[in-house]
Amino acid sequence: MKDDVARARALIAAADNVIVIAHERPDGDAIGSLLALNLSLQRMGKGSVPVLADGLPRTFAFLPGAQQVTTRIPDTADLLVVVDCSDLERTGFKAGAFPRKADINIDHHPTNTSFAQANLVYPRAASSTQVLYDLAPRLGLPIDLDVATNLLAGLITDTIGFRTSSVTPAALRTAADLLEQGAPLADIYERSLNVRSFVAARYWGRGLSRLRMDGGVLWTSLTLADRRAVGYSGSDDADLVNLMTTVEGARVVVIFVEQPGGKVKVSWRAREGLDVSRLASRFGGGGHVPAAGATLEGALEEVQARVLAATQALLETTKAGER
Ligand code: 5GP
Ligand code: MN
């Protein structure tokens, strides 16, 4: 990894025009990493373009540099940096859509496939922005107030406000450092984790009305019809899965979000050290031990049956003490 950091530093130093990209259906860590790195590269005097396949969600429009995000990959670049993605497909683009191969991969997912020339992957980091913060001095990346704000946004959202098992003393020290540099912690927390639209709350209602629990597995679905009925414009679960994890007795939480074109996005959340990342990997996805996801082909009912059977099986083996 030391070699990879040196290689990444050299690649950054030599580059003039950079493409930075994060994952589809971006969360706060994808966006925070993307914007922090993009602004930092620009502070170094480089050209840099931040790309998101799905564009920028409205929730994160308040972050510095957010208005620069584009859905179009530039035709040329001399450096491609991929952040918060465990594989290249996670960007939402095929490899052929990029003008070059991935040069640098900055991530914290244990399921990362090390797909770039320089792979900066630290699974123990609480967020990809934590990785960026830790490596910034060695990569020669400057951190100003705008960069710090984006870094803190990634850390706050990926730890759901510092309450996940991924929170380490280092994560809290990083937050303290960024706060000291002026990053508005309370404001970021409020805007990215607390506030939701009326429409999103009604969307939750549709999912909550179908909530089911069976043998420690709590699940529900959100359909295309639900989105139409309430006028929700996103293709995600509006963070309903995190609300579901507050239900007592739920050892694993699963949500099925129907997508256009016969696909279903599945998200798992687990307690008690149960590993849902391997489950997600088996279905072509990935993630962390307690939080993972995958997109499956098939009709909602069919995907639901398949995934619930596999999830129940995981609980069975864990009961038998094979955790
Ligand atoms: P969520 O279920 O909230 O979308 O994501 C939970 C975790 O799993 C996040 O760390 C996210 O990056 C990861 N994840 C979600 N969907 C996928 C997927 O389709 N592929 C991979 N590799 N990781 C995913
Ligand atoms: Mn992410």
# chains A, B, ... in the order shown; residues from 1 in each chain; ligands from 1

call {"tool": "closest_atom_pairs", "arguments": {"of": "chain A", "to": "ligand 1", "cutoff": "7 Å", "atoms": "only C-alpha atoms and all ligand atoms", "output": "tab-separated table"}}
result
residue	atom	partner	partner_atom_place_in_ligand_line	distance
A:Asp84	CA	ligand 1	12 (O)	6.8
A:Cys85	CA	ligand 1	12 (O)	6.6
A:Ser86	CA	ligand 1	22 (N)	5.0
A:Asp87	CA	ligand 1	22 (N)	6.1
A:Arg90	CA	ligand 1	20 (N)	5.9
A:His109	CA	ligand 1	10 (O)	6.5
A:Thr111	CA	ligand 1	22 (N)	6.7
A:Val266	CA	ligand 1	2 (O)	6.5
A:Ser267	CA	ligand 1	2 (O)	3.7
A:Trp268	CA	ligand 1	2 (O)	6.0
A:Gly284	CA	ligand 1	20 (N)	6.7
A:Gly285	CA	ligand 1	20 (N)	3.5
A:Gly286	CA	ligand 1	22 (N)	3.6
A:Gly287	CA	ligand 1	8 (O)	3.5
A:His288	CA	ligand 1	10 (O)	5.7
A:Ala291	CA	ligand 1	6 (C)	4.8
A:Ala292	CA	ligand 1	8 (O)	3.3
A:Gly293	CA	ligand 1	16 (N)	3.5
A:Ala294	CA	ligand 1	19 (O)	3.6
A:Thr295	CA	ligand 1	19 (O)	5.1

call {"tool": "write_last_selection", "arguments": {"atoms": "N, CA, C and O atoms", "output": "compact mmCIF listing (two decimals), in the first residue's frame"}}
result
# COMPACT_ATOMS: atom_id res chain seq x y z
N ASP A 84 -14.78 5.81 -3.44
CA ASP A 84 -15.90 5.16 -2.74
C ASP A 84 -16.58 4.07 -3.58
O ASP A 84 -17.76 3.79 -3.40
N CYS A 85 -15.83 3.45 -4.51
CA CYS A 85 -16.37 2.39 -5.37
C CYS A 85 -15.57 1.12 -5.17
O CYS A 85 -14.34 1.15 -5.30
N SER A 86 -16.24 -0.01 -4.89
CA SER A 86 -15.47 -1.24 -4.71
C SER A 86 -15.12 -1.91 -6.04
O SER A 86 -14.23 -2.75 -6.09
N ASP A 87 -15.80 -1.52 -7.12
CA ASP A 87 -15.37 -1.96 -8.45
C ASP A 87 -15.72 -0.86 -9.45
O ASP A 87 -16.47 0.07 -9.11
N ARG A 90 -19.38 0.01 -10.41
CA ARG A 90 -20.12 0.73 -9.37
C ARG A 90 -20.31 2.21 -9.73
O ARG A 90 -21.17 2.89 -9.19
N HIS A 109 -14.14 0.05 1.27
CA HIS A 109 -14.97 -1.17 1.27
C HIS A 109 -14.10 -2.43 1.25
O HIS A 109 -13.24 -2.57 0.39
N THR A 111 -14.85 -5.19 0.17
CA THR A 111 -15.11 -5.96 -1.05
C THR A 111 -14.43 -5.33 -2.27
O THR A 111 -14.66 -5.76 -3.39
N VAL A 266 -31.27 -4.10 -3.70
CA VAL A 266 -31.44 -4.68 -2.37
C VAL A 266 -30.43 -4.06 -1.41
O VAL A 266 -29.25 -3.90 -1.76
N SER A 267 -30.87 -3.68 -0.22
CA SER A 267 -29.96 -3.21 0.83
C SER A 267 -30.14 -4.04 2.07
O SER A 267 -31.27 -4.33 2.47
N TRP A 268 -29.01 -4.45 2.66
CA TRP A 268 -29.03 -5.19 3.93
C TRP A 268 -28.38 -4.36 5.02
O TRP A 268 -27.40 -3.66 4.77
N GLY A 284 -23.74 -10.33 -6.54
CA GLY A 284 -23.10 -9.39 -7.47
C GLY A 284 -22.89 -8.00 -6.90
O GLY A 284 -22.48 -7.09 -7.62
N GLY A 285 -23.16 -7.80 -5.62
CA GLY A 285 -22.96 -6.49 -5.00
C GLY A 285 -21.77 -6.50 -4.08
O GLY A 285 -20.79 -7.20 -4.32
N GLY A 286 -21.86 -5.73 -3.00
CA GLY A 286 -20.77 -5.67 -2.04
C GLY A 286 -21.10 -4.71 -0.93
O GLY A 286 -22.26 -4.34 -0.76
N GLY A 287 -20.07 -4.31 -0.17
CA GLY A 287 -20.29 -3.37 0.92
C GLY A 287 -19.47 -3.72 2.13
O GLY A 287 -18.36 -4.25 2.01
N HIS A 288 -20.02 -3.43 3.30
CA HIS A 288 -19.34 -3.67 4.57
C HIS A 288 -20.00 -4.82 5.31
O HIS A 288 -21.12 -5.20 4.98
N ALA A 291 -23.36 -3.51 6.59
CA ALA A 291 -24.20 -2.75 5.65
C ALA A 291 -23.74 -3.03 4.23
O ALA A 291 -22.61 -2.72 3.87
N ALA A 292 -24.64 -3.62 3.42
CA ALA A 292 -24.23 -3.98 2.07
C ALA A 292 -25.42 -3.89 1.12
O ALA A 292 -26.56 -3.77 1.56
N GLY A 293 -25.13 -3.92 -0.17
CA GLY A 293 -26.19 -3.83 -1.16
C GLY A 293 -25.85 -4.52 -2.46
O GLY A 293 -24.69 -4.88 -2.70
N ALA A 294 -26.86 -4.72 -3.30
CA ALA A 294 -26.66 -5.31 -4.62
C ALA A 294 -27.85 -4.95 -5.50
O ALA A 294 -28.94 -4.66 -4.98
N THR A 295 -27.63 -4.96 -6.81
CA THR A 295 -28.74 -4.78 -7.74
C THR A 295 -28.94 -6.09 -8.48
O THR A 295 -28.01 -6.61 -9.08

call {"tool": "select_by_dssp", "arguments": {"residues": "segment 132-263 of chain A", "states": "strand (DSSP E or B)", "output": "list in words"}}
result
Arg212, Met213, Asp214, Val217, Leu218, Trp219, Thr220, Ser221, Leu222, Val252, Val253, Val254, Ile255, Phe256, Val257, Glu258, Gln259 and Lys263 of chain A

call {"tool": "write_last_selection", "arguments": {"atoms": "C-alpha atoms", "output": "PDB file, in the first residue's frame"}}
result
ATOM      1  CA  ARG A 212     -42.814  -7.686   7.731  1.00  0.00           C
ATOM      2  CA  MET A 213     -40.768  -9.516  10.339  1.00  0.00           C
ATOM      3  CA  ASP A 214     -39.964 -13.223  10.356  1.00  0.00           C
ATOM      4  CA  VAL A 217     -35.410 -10.700   9.492  1.00  0.00           C
ATOM      5  CA  LEU A 218     -37.250  -7.414   9.024  1.00  0.00           C
ATOM      6  CA  TRP A 219     -38.044  -6.426   5.466  1.00  0.00           C
ATOM      7  CA  THR A 220     -40.158  -4.347   3.159  1.00  0.00           C
ATOM      8  CA  SER A 221     -40.238  -3.131  -0.430  1.00  0.00           C
ATOM      9  CA  LEU A 222     -40.674   0.133  -2.310  1.00  0.00           C
ATOM     10  CA  VAL A 252     -31.054  -8.348   9.741  1.00  0.00           C
ATOM     11  CA  VAL A 253     -32.967  -5.661   7.864  1.00  0.00           C
ATOM     12  CA  VAL A 254     -33.597  -5.928   4.125  1.00  0.00           C
ATOM     13  CA  ILE A 255     -35.233  -3.473   1.756  1.00  0.00           C
ATOM     14  CA  PHE A 256     -36.149  -4.132  -1.880  1.00  0.00           C
ATOM     15  CA  VAL A 257     -36.388  -1.077  -4.115  1.00  0.00           C
ATOM     16  CA  GLU A 258     -37.892  -1.791  -7.527  1.00  0.00           C
ATOM     17  CA  GLN A 259     -35.965  -0.198 -10.427  1.00  0.00           C
ATOM     18  CA  LYS A 263     -34.160  -4.727 -11.692  1.00  0.00           C
TER      19      LYS A 263
END

call {"tool": "closest_residue", "arguments": {"among": "A:Asp146, A:Asp78, A:Pro64, A:Ser33", "to": "Ala14 of chain A", "atoms": "only C-alpha atoms"}}
result
A:Asp78

call {"tool": "closest_residue", "arguments": {"among": "A:Gly140, A:Pro290, A:Gly154, A:Pro110", "to": "Phe60 of chain A", "atoms": "only C-alpha atoms"}}
result
A:Gly154

call {"tool": "closest_atom_pairs", "arguments": {"of": "chain A", "to": "ligand 2", "cutoff": "9 Å", "atoms": "only C-alpha atoms and all ligand atoms", "output": "JSON lines"}}
result
{"residue": "A:Ala22", "atom": "CA", "partner": "ligand 2", "partner_atom_place_in_ligand_line": "1 (Mn)", "distance": 8.0}
{"residue": "A:His23", "atom": "CA", "partner": "ligand 2", "partner_atom_place_in_ligand_line": "1 (Mn)", "distance": 6.9}
{"residue": "A:Glu24", "atom": "CA", "partner": "ligand 2", "partner_atom_place_in_ligand_line": "1 (Mn)", "distance": 9.0}
{"residue": "A:Arg25", "atom": "CA", "partner": "ligand 2", "partner_atom_place_in_ligand_line": "1 (Mn)", "distance": 8.8}
{"residue": "A:Pro26", "atom": "CA", "partner": "ligand 2", "partner_atom_place_in_ligand_line": "1 (Mn)", "distance": 6.3}
{"residue": "A:Asp27", "atom": "CA", "partner": "ligand 2", "partner_atom_place_in_ligand_line": "1 (Mn)", "distance": 5.1}
{"residue": "A:Gly28", "atom": "CA", "partner": "ligand 2", "partner_atom_place_in_ligand_line": "1 (Mn)", "distance": 6.8}
{"residue": "A:Asp29", "atom": "CA", "partner": "ligand 2", "partner_atom_place_in_ligand_line": "1 (Mn)", "distance": 5.0}
{"residue": "A:Ala30", "atom": "CA", "partner": "ligand 2", "partner_atom_place_in_ligand_line": "1 (Mn)", "distance": 4.6}
{"residue": "A:Ile31", "atom": "CA", "partner": "ligand 2", "partner_atom_place_in_ligand_line": "1 (Mn)", "distance": 8.0}
{"residue": "A:Val83", "atom": "CA", "partner": "ligand 2", "partner_atom_place_in_ligand_line": "1 (Mn)", "distance": 8.7}
{"residue": "A:Asp84", "atom": "CA", "partner": "ligand 2", "partner_atom_place_in_ligand_line": "1 (Mn)", "distance": 5.4}
{"residue": "A:Cys85", "atom": "CA", "partner": "ligand 2", "partner_atom_place_in_ligand_line": "1 (Mn)", "distance": 7.2}
{"residue": "A:Asp107", "atom": "CA", "partner": "ligand 2", "partner_atom_place_in_ligand_line": "1 (Mn)", "distance": 8.9}
{"residue": "A:His109", "atom": "CA", "partner": "ligand 2", "partner_atom_place_in_ligand_line": "1 (Mn)", "distance": 8.8}
{"residue": "A:Ser127", "atom": "CA", "partner": "ligand 2", "partner_atom_place_in_ligand_line": "1 (Mn)", "distance": 8.0}
{"residue": "A:Ser128", "atom": "CA", "partner": "ligand 2", "partner_atom_place_in_ligand_line": "1 (Mn)", "distance": 7.7}
{"residue": "A:Gly154", "atom": "CA", "partner": "ligand 2", "partner_atom_place_in_ligand_line": "1 (Mn)", "distance": 8.4}
{"residue": "A:Asp158", "atom": "CA", "partner": "ligand 2", "partner_atom_place_in_ligand_line": "1 (Mn)", "distance": 7.2}
{"residue": "A:Gly287", "atom": "CA", "partner": "ligand 2", "partner_atom_place_in_ligand_line": "1 (Mn)", "distance": 8.8}

call {"tool": "write_last_selection", "arguments": {"atoms": "C-alpha atoms", "output": "CSV table (one decimal), in the first residue's frame"}}
result
chain,number,residue,atom,x,y,z
A,22,ALA,CA,-17.9,8.2,-7.4
A,23,HIS,CA,-20.7,5.6,-7.4
A,24,GLU,CA,-24.2,5.6,-8.8
A,25,ARG,CA,-27.1,6.4,-6.5
A,26,PRO,CA,-24.5,8.4,-4.5
A,27,ASP,CA,-24.6,8.7,-0.8
A,28,GLY,CA,-22.9,11.4,1.4
A,29,ASP,CA,-19.6,9.7,1.4
A,30,ALA,CA,-19.5,9.2,-2.3
A,31,ILE,CA,-20.3,12.9,-2.8
A,83,VAL,CA,-13.7,7.2,-5.1
A,84,ASP,CA,-15.9,5.2,-2.7
A,85,CYS,CA,-16.4,2.4,-5.4
A,107,ASP,CA,-12.0,3.5,-1.0
A,109,HIS,CA,-15.0,-1.2,1.3
A,127,SER,CA,-15.5,6.5,5.4
A,128,SER,CA,-13.8,7.1,2.1
A,154,GLY,CA,-18.7,11.9,4.2
A,158,ASP,CA,-21.3,7.0,6.5
A,287,GLY,CA,-20.3,-3.4,0.9

call {"tool": "residues_around", "arguments": {"residues": "Ala201 of chain A", "least_positions_apart": "5", "cutoff": "10 Å", "atoms": "only C-alpha atoms", "output": "ChimeraX atom specification"}}
result
/A:196,206,230,232,238,240

call {"tool": "residues_around", "arguments": {"residues": "Arg191 of chain A", "least_positions_apart": "2", "cutoff": "10 Å", "atoms": "only C-alpha atoms", "output": "ChimeraX atom specification"}}
result
/A:59-63,153,186-189,193-196

call {"tool": "write_last_selection", "arguments": {"atoms": "all heavy atoms", "output": "tab-separated table (two decimals), in the first residue's frame"}}
result
chain	number	residue	atom	x	y	z
A	59	THR	N	-30.44	16.87	-1.79
A	59	THR	CA	-30.02	16.92	-0.38
A	59	THR	C	-28.61	17.46	-0.19
A	59	THR	O	-28.30	18.10	0.80
A	59	THR	CB	-30.06	15.49	0.21
A	59	THR	OG1	-31.27	14.88	-0.18
A	59	THR	CG2	-29.94	15.49	1.72
A	60	PHE	N	-27.74	17.17	-1.17
A	60	PHE	CA	-26.33	17.53	-0.99
A	60	PHE	C	-25.92	18.74	-1.80
A	60	PHE	O	-24.73	19.05	-1.91
A	60	PHE	CB	-25.44	16.32	-1.32
A	60	PHE	CG	-25.62	15.19	-0.34
A	60	PHE	CD1	-26.38	14.08	-0.67
A	60	PHE	CD2	-25.05	15.26	0.93
A	60	PHE	CE1	-26.56	13.04	0.25
A	60	PHE	CE2	-25.23	14.24	1.84
A	60	PHE	CZ	-25.99	13.13	1.51
A	61	ALA	N	-26.90	19.47	-2.33
A	61	ALA	CA	-26.61	20.65	-3.16
A	61	ALA	C	-25.95	21.76	-2.34
A	61	ALA	O	-25.33	22.66	-2.90
A	61	ALA	CB	-27.88	21.16	-3.81
A	62	PHE	N	-26.03	21.67	-1.00
A	62	PHE	CA	-25.45	22.72	-0.15
A	62	PHE	C	-23.94	22.57	0.00
A	62	PHE	O	-23.26	23.49	0.46
A	62	PHE	CB	-26.11	22.70	1.24
A	62	PHE	CG	-25.67	21.55	2.12
A	62	PHE	CD1	-24.63	21.71	3.03
A	62	PHE	CD2	-26.28	20.31	2.02
A	62	PHE	CE1	-24.21	20.66	3.84
A	62	PHE	CE2	-25.87	19.24	2.82
A	62	PHE	CZ	-24.84	19.42	3.73
A	63	LEU	N	-23.39	21.44	-0.38
A	63	LEU	CA	-21.95	21.22	-0.18
A	63	LEU	C	-21.12	22.06	-1.14
A	63	LEU	O	-21.48	22.23	-2.30
A	63	LEU	CB	-21.61	19.73	-0.35
A	63	LEU	CG	-22.08	18.83	0.79
A	63	LEU	CD1	-21.84	17.36	0.45
A	63	LEU	CD2	-21.37	19.19	2.11
A	153	ALA	N	-18.64	15.83	5.75
A	153	ALA	CA	-19.94	15.35	5.28
A	153	ALA	C	-19.89	13.84	5.03
A	153	ALA	O	-20.82	13.10	5.39
A	153	ALA	CB	-20.37	16.09	4.01
A	186	ALA	N	-22.75	20.69	12.89
A	186	ALA	CA	-24.18	20.64	13.20
A	186	ALA	C	-25.03	20.88	11.95
A	186	ALA	O	-26.05	20.23	11.71
A	186	ALA	CB	-24.53	21.65	14.28
A	187	ASP	N	-24.58	21.81	11.13
A	187	ASP	CA	-25.30	22.15	9.90
A	187	ASP	C	-25.28	20.97	8.90
A	187	ASP	O	-26.31	20.62	8.31
A	187	ASP	CB	-24.63	23.38	9.28
A	187	ASP	CG	-25.44	23.94	8.13
A	187	ASP	OD1	-26.67	24.09	8.30
A	187	ASP	OD2	-24.85	24.21	7.06
A	188	ILE	N	-24.12	20.35	8.76
A	188	ILE	CA	-24.02	19.20	7.84
A	188	ILE	C	-24.92	18.07	8.33
A	188	ILE	O	-25.65	17.45	7.56
A	188	ILE	CB	-22.55	18.68	7.75
A	188	ILE	CG1	-21.62	19.75	7.20
A	188	ILE	CG2	-22.48	17.42	6.90
A	188	ILE	CD1	-20.14	19.40	7.32
A	189	TYR	N	-24.86	17.82	9.64
A	189	TYR	CA	-25.67	16.75	10.25
A	189	TYR	C	-27.16	17.00	9.97
A	189	TYR	O	-27.88	16.11	9.50
A	189	TYR	CB	-25.42	16.73	11.75
A	189	TYR	CG	-25.95	15.51	12.45
A	189	TYR	CD1	-25.09	14.59	13.03
A	189	TYR	CD2	-27.32	15.26	12.53
A	189	TYR	CE1	-25.57	13.46	13.66
A	189	TYR	CE2	-27.80	14.12	13.16
A	189	TYR	CZ	-26.93	13.23	13.73
A	189	TYR	OH	-27.40	12.11	14.34
A	193	LEU	N	-28.69	14.36	7.34
A	193	LEU	CA	-29.26	13.20	8.02
A	193	LEU	C	-30.64	13.44	8.62
A	193	LEU	O	-31.40	12.50	8.83
A	193	LEU	CB	-28.32	12.73	9.15
A	193	LEU	CG	-27.01	12.08	8.72
A	193	LEU	CD1	-26.14	11.82	9.94
A	193	LEU	CD2	-27.24	10.79	7.96
A	194	ASN	N	-30.96	14.67	8.94
A	194	ASN	CA	-32.19	14.93	9.68
A	194	ASN	C	-33.36	15.38	8.81
A	194	ASN	O	-34.45	14.85	8.91
A	194	ASN	CB	-31.93	16.01	10.73
A	194	ASN	CG	-32.25	15.53	12.12
A	194	ASN	OD1	-32.64	14.37	12.30
A	194	ASN	ND2	-32.12	16.39	13.09
A	195	VAL	N	-33.09	16.36	7.96
A	195	VAL	CA	-34.16	16.94	7.16
A	195	VAL	C	-34.56	16.00	6.02
A	195	VAL	O	-33.71	15.44	5.36
A	195	VAL	CB	-33.69	18.28	6.55
A	195	VAL	CG1	-34.68	18.78	5.51
A	195	VAL	CG2	-33.49	19.32	7.63
A	196	ARG	N	-35.85	15.80	5.84
A	196	ARG	CA	-36.29	15.08	4.63
A	196	ARG	C	-37.54	15.76	4.09
A	196	ARG	O	-38.24	16.48	4.81
A	196	ARG	CB	-36.51	13.60	4.88
A	196	ARG	CG	-37.60	13.25	5.85
A	196	ARG	CD	-37.44	11.84	6.31
A	196	ARG	NE	-36.35	11.71	7.27
A	196	ARG	CZ	-35.14	11.27	6.98
A	196	ARG	NH1	-34.82	10.88	5.78
A	196	ARG	NH2	-34.22	11.21	7.91

call {"tool": "closest_residue", "arguments": {"among": "A:Ser209, A:Ser40, A:Gln130, A:Ser114", "to": "Ser166 of chain A", "atoms": "only C-alpha atoms"}}
result
A:Gln130

call {"tool": "select_by_dssp", "arguments": {"residues": "segment 47-276 of chain A", "states": "alpha helix (DSSP H)", "output": "PyMOL selection string"}}
result
chain A and resi 128-139+145-158+169-180+185-189+198-208+224-230+240-244+276

call {"tool": "atom_distance", "arguments": {"atom1": "atom CA of Ala125 of chain A", "atom2": "atom CA of Thr174 of chain A"}}
result
11.0 Å

call {"tool": "closest_residue", "arguments": {"among": "A:Val264, A:Arg72, A:Arg7, A:Gly182", "to": "Arg306 of chain A", "atoms": "only C-alpha atoms"}}
result
A:Val264

call {"tool": "residues_around", "arguments": {"residues": "Leu274 of chain A", "least_positions_apart": "6", "cutoff": "9 Å", "atoms": "only C-alpha atoms", "output": "list in words"}}
result
Arg251, Val252, Val289, Pro290, Leu314, Leu315, Thr318 and Arg323 of chain A

call {"tool": "write_last_selection", "arguments": {"atoms": "N, CA, C and O atoms", "output": "compact mmCIF listing (two decimals), in the first residue's frame"}}
result
# COMPACT_ATOMS: atom_id res chain seq x y z
N ARG A 251 -32.62 -8.65 13.52
CA ARG A 251 -31.17 -8.98 13.47
C ARG A 251 -30.62 -8.61 12.11
O ARG A 251 -29.46 -8.21 11.99
N VAL A 252 -31.43 -8.79 11.09
CA VAL A 252 -31.05 -8.35 9.74
C VAL A 252 -32.24 -7.59 9.15
O VAL A 252 -33.39 -8.02 9.28
N VAL A 289 -19.33 -5.34 6.35
CA VAL A 289 -19.91 -6.44 7.13
C VAL A 289 -21.34 -6.10 7.61
O VAL A 289 -22.27 -6.86 7.38
N PRO A 290 -21.57 -4.94 8.25
CA PRO A 290 -22.93 -4.67 8.73
C PRO A 290 -23.87 -3.96 7.76
O PRO A 290 -25.04 -3.78 8.06
N LEU A 314 -28.51 -17.48 6.20
CA LEU A 314 -27.38 -16.88 6.91
C LEU A 314 -27.66 -16.86 8.41
O LEU A 314 -26.81 -17.21 9.23
N LEU A 315 -28.90 -16.51 8.77
CA LEU A 315 -29.27 -16.46 10.19
C LEU A 315 -29.24 -17.85 10.81
O LEU A 315 -28.81 -18.02 11.94
N THR A 318 -25.74 -18.89 11.48
CA THR A 318 -25.19 -18.10 12.58
C THR A 318 -25.71 -18.61 13.92
O THR A 318 -24.99 -18.67 14.89
N ARG A 323 -20.75 -18.04 13.23
CA ARG A 323 -20.48 -16.65 12.94
C ARG A 323 -18.99 -16.44 12.82
O ARG A 323 -18.45 -15.79 12.03

call {"tool": "closest_residue", "arguments": {"among": "A:Pro137, A:Gly92, A:Gly161, A:Gly249", "to": "Ala6 of chain A", "atoms": "only C-alpha atoms"}}
result
A:Pro137
